[in-house]
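Participant: Structure incoming, see below.
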Amino acid sequence: MARFGAPEEAIELQELTWPEPSPGQVLIRVRAAGAGFPDAMMTAGKFPLLGDPPFGLGEEAAGEVVAVPAGSRFTVGDQVAGITEFLQGWGGYADYAYLREMSTIRIPAGMTDEQAGGFPIGFRTAYTGLVERAPVEAGQTLLILGAAGSSGATAIQLGKALGATVIAVAGSAEKLEFCARYGADHGVNYRTEDLTARIAEITNGRGVDLIYDPVGGETAAKAMQSLVRNGRIAVVGLASGAPVALDPMQLMLRNQTVVGVLSMPQEDPQAEAAVWQRLVDLAERGAITTPVGAVYAFDEVPRMVANQTAPGAGKSVVRVATP
Ligand SMILES: NC(=O)c1ccc[n+]([C@@H]2O[C@H](COP(=O)([O-])OP(=O)(O)OC[C@H]3O[C@@H](n4cnc5c(N)ncnc54)[C@H](OP(=O)(O)O)[C@@H]3O)[C@@H](O)[C@H]2O)c1
């Protein structure tokens with residue numbers, strides 16, 4: 001990305017050379033790269049963890065390892081997927097990408113390139129939210145906002161794998177069908193239905209134990225009315241453009257908890273490896289699958305980013321190269 005602005009003006013193709021990977025990185029030849037709303041935030045200069053351009057877009061990628069530093073647990077030729085070094089300016093929409101070794105997996109058998117390229121961020125974030133930060137217990141009711149989006153649809157699947165009852169919230173009947181295909185028990189169309197009334201109907205007036213919120217804004221504020229006493233909201237993102245507005249008095253009176261969720265590797269490499277192994281095991285069992293939505297060609301990246309402000313269902317993926 002050359003400058004902040006509208007995707008067509010901000011995003012340029014540039015010739016780069018990739019130095020040998022540093023310890024803790026692997027260099028891959030990219031075949032597919034996961035995309036999403038953060039690309040739109042980065043292009044607009046609204047991503048809180050990145051400085052000024054130029055930098056490479058693309059938080060996650062899959063492909064073949066072409067270089068590793070001494071002592072790596074990967075070797076040249078491995079087929080892998082992982083989180084890129086986008087925070088260092090090296091993204092996944094490129095011929096080659098650096099992956100953080102700690103956040104890289106060997107692609108499980110049967111996973112397509114598109115599924116592999118879009119696997120790491122959504123599922124690692126869902127794991128951070130639903131296991132590490134706001135653990136959801138079997139039998140609890142989990143409300144997922146933006147449920148047809150890439151954060152939402154991964155959280156549906158992990159929530160179901162953890163034994164929760166999942167209520168998906170999305171903005172169209174088509175998106176709710178998509179959520180049902182990925183395991184949601186119930187769906188609410190926040191554009192046409194009264195969210196509070198529908199949740200009361202679904203939960204027999206009880207409300208939900210946990211809200212997974214990648215959306216914020218009015219929908220999240222409305223959802224808070226359905227959170228049980230002692231309930232929690234996991235703040236994941238702000239696809240609506242604004243974080244959820246919270247009322248501290250209500251939080252106090254109802255003993256509710258707000259939990260920030262930022263997908264970060266654990267400090268202990270072995271603990272982090274165990275997280276990824278658990279996600280791979282779930283994928284191999286078919287319990288979680290990347291909810292691939294639109295697939296774009298490499299030269300369509302500016303159009304893909306522009307589309308993120310009104311995204312279709314699922315995880316957008318960029319096909320960078322064929323095997
Ligand atoms: N905390 C973390 O570690 C972490 C990790 C990944 C992503 N995130 C954040 O999570 C948020 C969502 O990311 P994502 O990749 O899941 O996005 P996504 O796939 O584009 O999904 C976002 C969903 O939000 C809903 N939405 C509501 N208002 C919207 C608007 N004005 N523009 C676009 N979408 C809107 C859309 O569903 P409807 O049409 O149904 O409303 C859409 O499906 C972003 O803020 C991102 O930065 C955080």
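Naming works like this for the structure tokens: A, B, ... for the chains as they're shown, residue 1 at the start of each chain, ligands 1 onward in shown order.
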As a quick test: using only C-alpha atoms and all ligand atoms, which residues lie no more than 7 Å away from ligand 1? Give them as a ChimeraX atom specification.

Facilitator: /A:36-38,121-122,125,146-152,169-172,175,214-215,236-241,261-263,308-315

Participant: Selected residues, C-alpha atoms, written as a PDB file, in the first residue's frame, please.

Facilitator:
ATOM      1  CA  GLY A  36     -11.176  -8.989   5.311  1.00  0.00           C
ATOM      2  CA  PHE A  37     -12.366  -5.830   6.967  1.00  0.00           C
ATOM      3  CA  PRO A  38      -8.937  -5.031   8.501  1.00  0.00           C
ATOM      4  CA  ILE A 121      -6.611 -15.130  11.716  1.00  0.00           C
ATOM      5  CA  GLY A 122     -10.297 -15.955  12.174  1.00  0.00           C
ATOM      6  CA  THR A 125      -9.030 -14.802  17.102  1.00  0.00           C
ATOM      7  CA  GLY A 146     -21.419  -9.988  12.357  1.00  0.00           C
ATOM      8  CA  ALA A 147     -21.917 -13.740  12.383  1.00  0.00           C
ATOM      9  CA  ALA A 148     -21.594 -14.219   8.621  1.00  0.00           C
ATOM     10  CA  GLY A 149     -18.288 -12.323   8.568  1.00  0.00           C
ATOM     11  CA  SER A 150     -14.937 -14.009   8.856  1.00  0.00           C
ATOM     12  CA  SER A 151     -14.590 -13.376  12.599  1.00  0.00           C
ATOM     13  CA  GLY A 152     -18.207 -14.285  13.202  1.00  0.00           C
ATOM     14  CA  VAL A 169     -26.874 -12.096  14.177  1.00  0.00           C
ATOM     15  CA  ALA A 170     -26.555 -10.919  10.578  1.00  0.00           C
ATOM     16  CA  GLY A 171     -28.094  -8.479   8.143  1.00  0.00           C
ATOM     17  CA  SER A 172     -29.845 -10.674   5.571  1.00  0.00           C
ATOM     18  CA  LYS A 175     -26.279 -14.459   5.518  1.00  0.00           C
ATOM     19  CA  PRO A 214     -16.625  -7.884  15.958  1.00  0.00           C
ATOM     20  CA  VAL A 215     -19.158  -5.180  14.952  1.00  0.00           C
ATOM     21  CA  VAL A 236     -13.289  -8.097  19.079  1.00  0.00           C
ATOM     22  CA  GLY A 237     -13.703  -5.303  16.538  1.00  0.00           C
ATOM     23  CA  LEU A 238     -15.732  -2.478  15.113  1.00  0.00           C
ATOM     24  CA  ALA A 239     -16.885  -3.357  11.606  1.00  0.00           C
ATOM     25  CA  SER A 240     -19.758  -0.881  12.055  1.00  0.00           C
ATOM     26  CA  GLY A 241     -17.175   1.900  12.344  1.00  0.00           C
ATOM     27  CA  VAL A 261      -9.873  -9.652  22.630  1.00  0.00           C
ATOM     28  CA  LEU A 262      -6.724  -9.179  20.569  1.00  0.00           C
ATOM     29  CA  SER A 263      -5.365 -12.231  18.832  1.00  0.00           C
ATOM     30  CA  GLN A 308     -15.075  -4.891   2.532  1.00  0.00           C
ATOM     31  CA  THR A 309     -17.306  -1.993   3.575  1.00  0.00           C
ATOM     32  CA  ALA A 310     -20.338  -3.985   2.341  1.00  0.00           C
ATOM     33  CA  PRO A 311     -19.017  -7.537   2.486  1.00  0.00           C
ATOM     34  CA  GLY A 312     -20.833 -10.665   1.389  1.00  0.00           C
ATOM     35  CA  ALA A 313     -20.951 -13.748   3.586  1.00  0.00           C
ATOM     36  CA  GLY A 314     -17.739 -15.474   4.613  1.00  0.00           C
ATOM     37  CA  LYS A 315     -14.022 -15.003   4.434  1.00  0.00           C
TER      38      LYS A 315
END

Participant: As number ranges by chain, please: all residues of region 163-248 of chain A that backbone DSSP puts in strand (DSSP E or B).

Facilitator: A: 165-170, 186-189, 208-213, 227-235

Participant: Hey, can you spit out that residue selection with N, CA and C atoms as a short mmCIF file (atom, residue, chain, number, x, y, z; two decimals), in the first residue's frame?

Facilitator:
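File produced: out_25.cif:
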data_model
loop_
_atom_site.label_atom_id
_atom_site.label_comp_id
_atom_site.auth_asym_id
_atom_site.auth_seq_id
_atom_site.Cartn_x
_atom_site.Cartn_y
_atom_site.Cartn_z
N THR A 165 -24.67 -23.10 22.83
CA THR A 165 -25.80 -22.84 21.92
C THR A 165 -25.51 -21.49 21.26
N VAL A 166 -25.53 -21.46 19.92
CA VAL A 166 -25.09 -20.25 19.21
C VAL A 166 -26.27 -19.54 18.54
N ILE A 167 -26.38 -18.25 18.86
CA ILE A 167 -27.35 -17.40 18.15
C ILE A 167 -26.55 -16.47 17.25
N ALA A 168 -26.80 -16.55 15.95
CA ALA A 168 -26.08 -15.73 14.97
C ALA A 168 -26.90 -14.49 14.64
N VAL A 169 -26.22 -13.35 14.57
CA VAL A 169 -26.87 -12.10 14.18
C VAL A 169 -26.24 -11.62 12.88
N ALA A 170 -27.07 -11.39 11.86
CA ALA A 170 -26.56 -10.92 10.58
C ALA A 170 -27.63 -10.09 9.89
N HIS A 186 -29.53 -20.75 15.99
CA HIS A 186 -30.60 -19.77 15.76
C HIS A 186 -30.02 -18.59 14.99
N GLY A 187 -30.88 -17.87 14.30
CA GLY A 187 -30.42 -16.68 13.58
C GLY A 187 -31.38 -15.52 13.80
N VAL A 188 -30.80 -14.30 13.88
CA VAL A 188 -31.63 -13.11 13.99
C VAL A 188 -31.15 -12.11 12.94
N ASN A 189 -32.09 -11.60 12.13
CA ASN A 189 -31.78 -10.56 11.16
C ASN A 189 -31.98 -9.21 11.85
N VAL A 208 -28.51 -13.98 26.98
CA VAL A 208 -27.33 -14.73 26.54
C VAL A 208 -26.19 -14.57 27.55
N ASP A 209 -25.32 -15.60 27.62
CA ASP A 209 -24.22 -15.59 28.58
C ASP A 209 -23.02 -14.79 28.07
N LEU A 210 -22.81 -14.84 26.76
CA LEU A 210 -21.62 -14.19 26.20
C LEU A 210 -21.97 -13.60 24.83
N ILE A 211 -21.49 -12.37 24.60
CA ILE A 211 -21.63 -11.73 23.28
C ILE A 211 -20.24 -11.67 22.65
N TYR A 212 -20.11 -12.18 21.43
CA TYR A 212 -18.86 -12.09 20.67
C TYR A 212 -19.07 -10.97 19.67
N ASP A 213 -18.30 -9.87 19.83
CA ASP A 213 -18.65 -8.64 19.11
C ASP A 213 -17.54 -8.11 18.20
N LEU A 227 -27.95 -9.33 27.61
CA LEU A 227 -26.88 -10.04 28.32
C LEU A 227 -27.34 -10.35 29.75
N VAL A 228 -27.14 -11.60 30.16
CA VAL A 228 -27.60 -12.01 31.51
C VAL A 228 -26.77 -11.32 32.60
N ARG A 229 -27.30 -11.33 33.81
CA ARG A 229 -26.50 -10.93 34.97
C ARG A 229 -25.26 -11.83 35.01
N ASN A 230 -24.11 -11.29 35.33
CA ASN A 230 -22.82 -12.02 35.32
C ASN A 230 -22.36 -12.38 33.90
N GLY A 231 -23.03 -11.86 32.88
CA GLY A 231 -22.64 -12.17 31.51
C GLY A 231 -21.41 -11.37 31.08
N ARG A 232 -20.87 -11.73 29.91
CA ARG A 232 -19.66 -11.07 29.41
C ARG A 232 -19.83 -10.67 27.95
N ILE A 233 -19.18 -9.56 27.59
CA ILE A 233 -19.09 -9.20 26.18
C ILE A 233 -17.61 -9.22 25.78
N ALA A 234 -17.32 -9.96 24.73
CA ALA A 234 -15.95 -10.03 24.21
C ALA A 234 -15.85 -9.01 23.07
N VAL A 235 -15.06 -7.96 23.28
CA VAL A 235 -14.92 -6.87 22.30
C VAL A 235 -13.82 -7.26 21.32
#

Participant: Could you name the residues that touch Ala321 (chain A) at 9 Å or less, counting only C-alpha atoms, but leaving out those on the same chain fewer than 5 positions away, as a ChimeraX atom specification?

Facilitator: /A:29-32,95,297-298
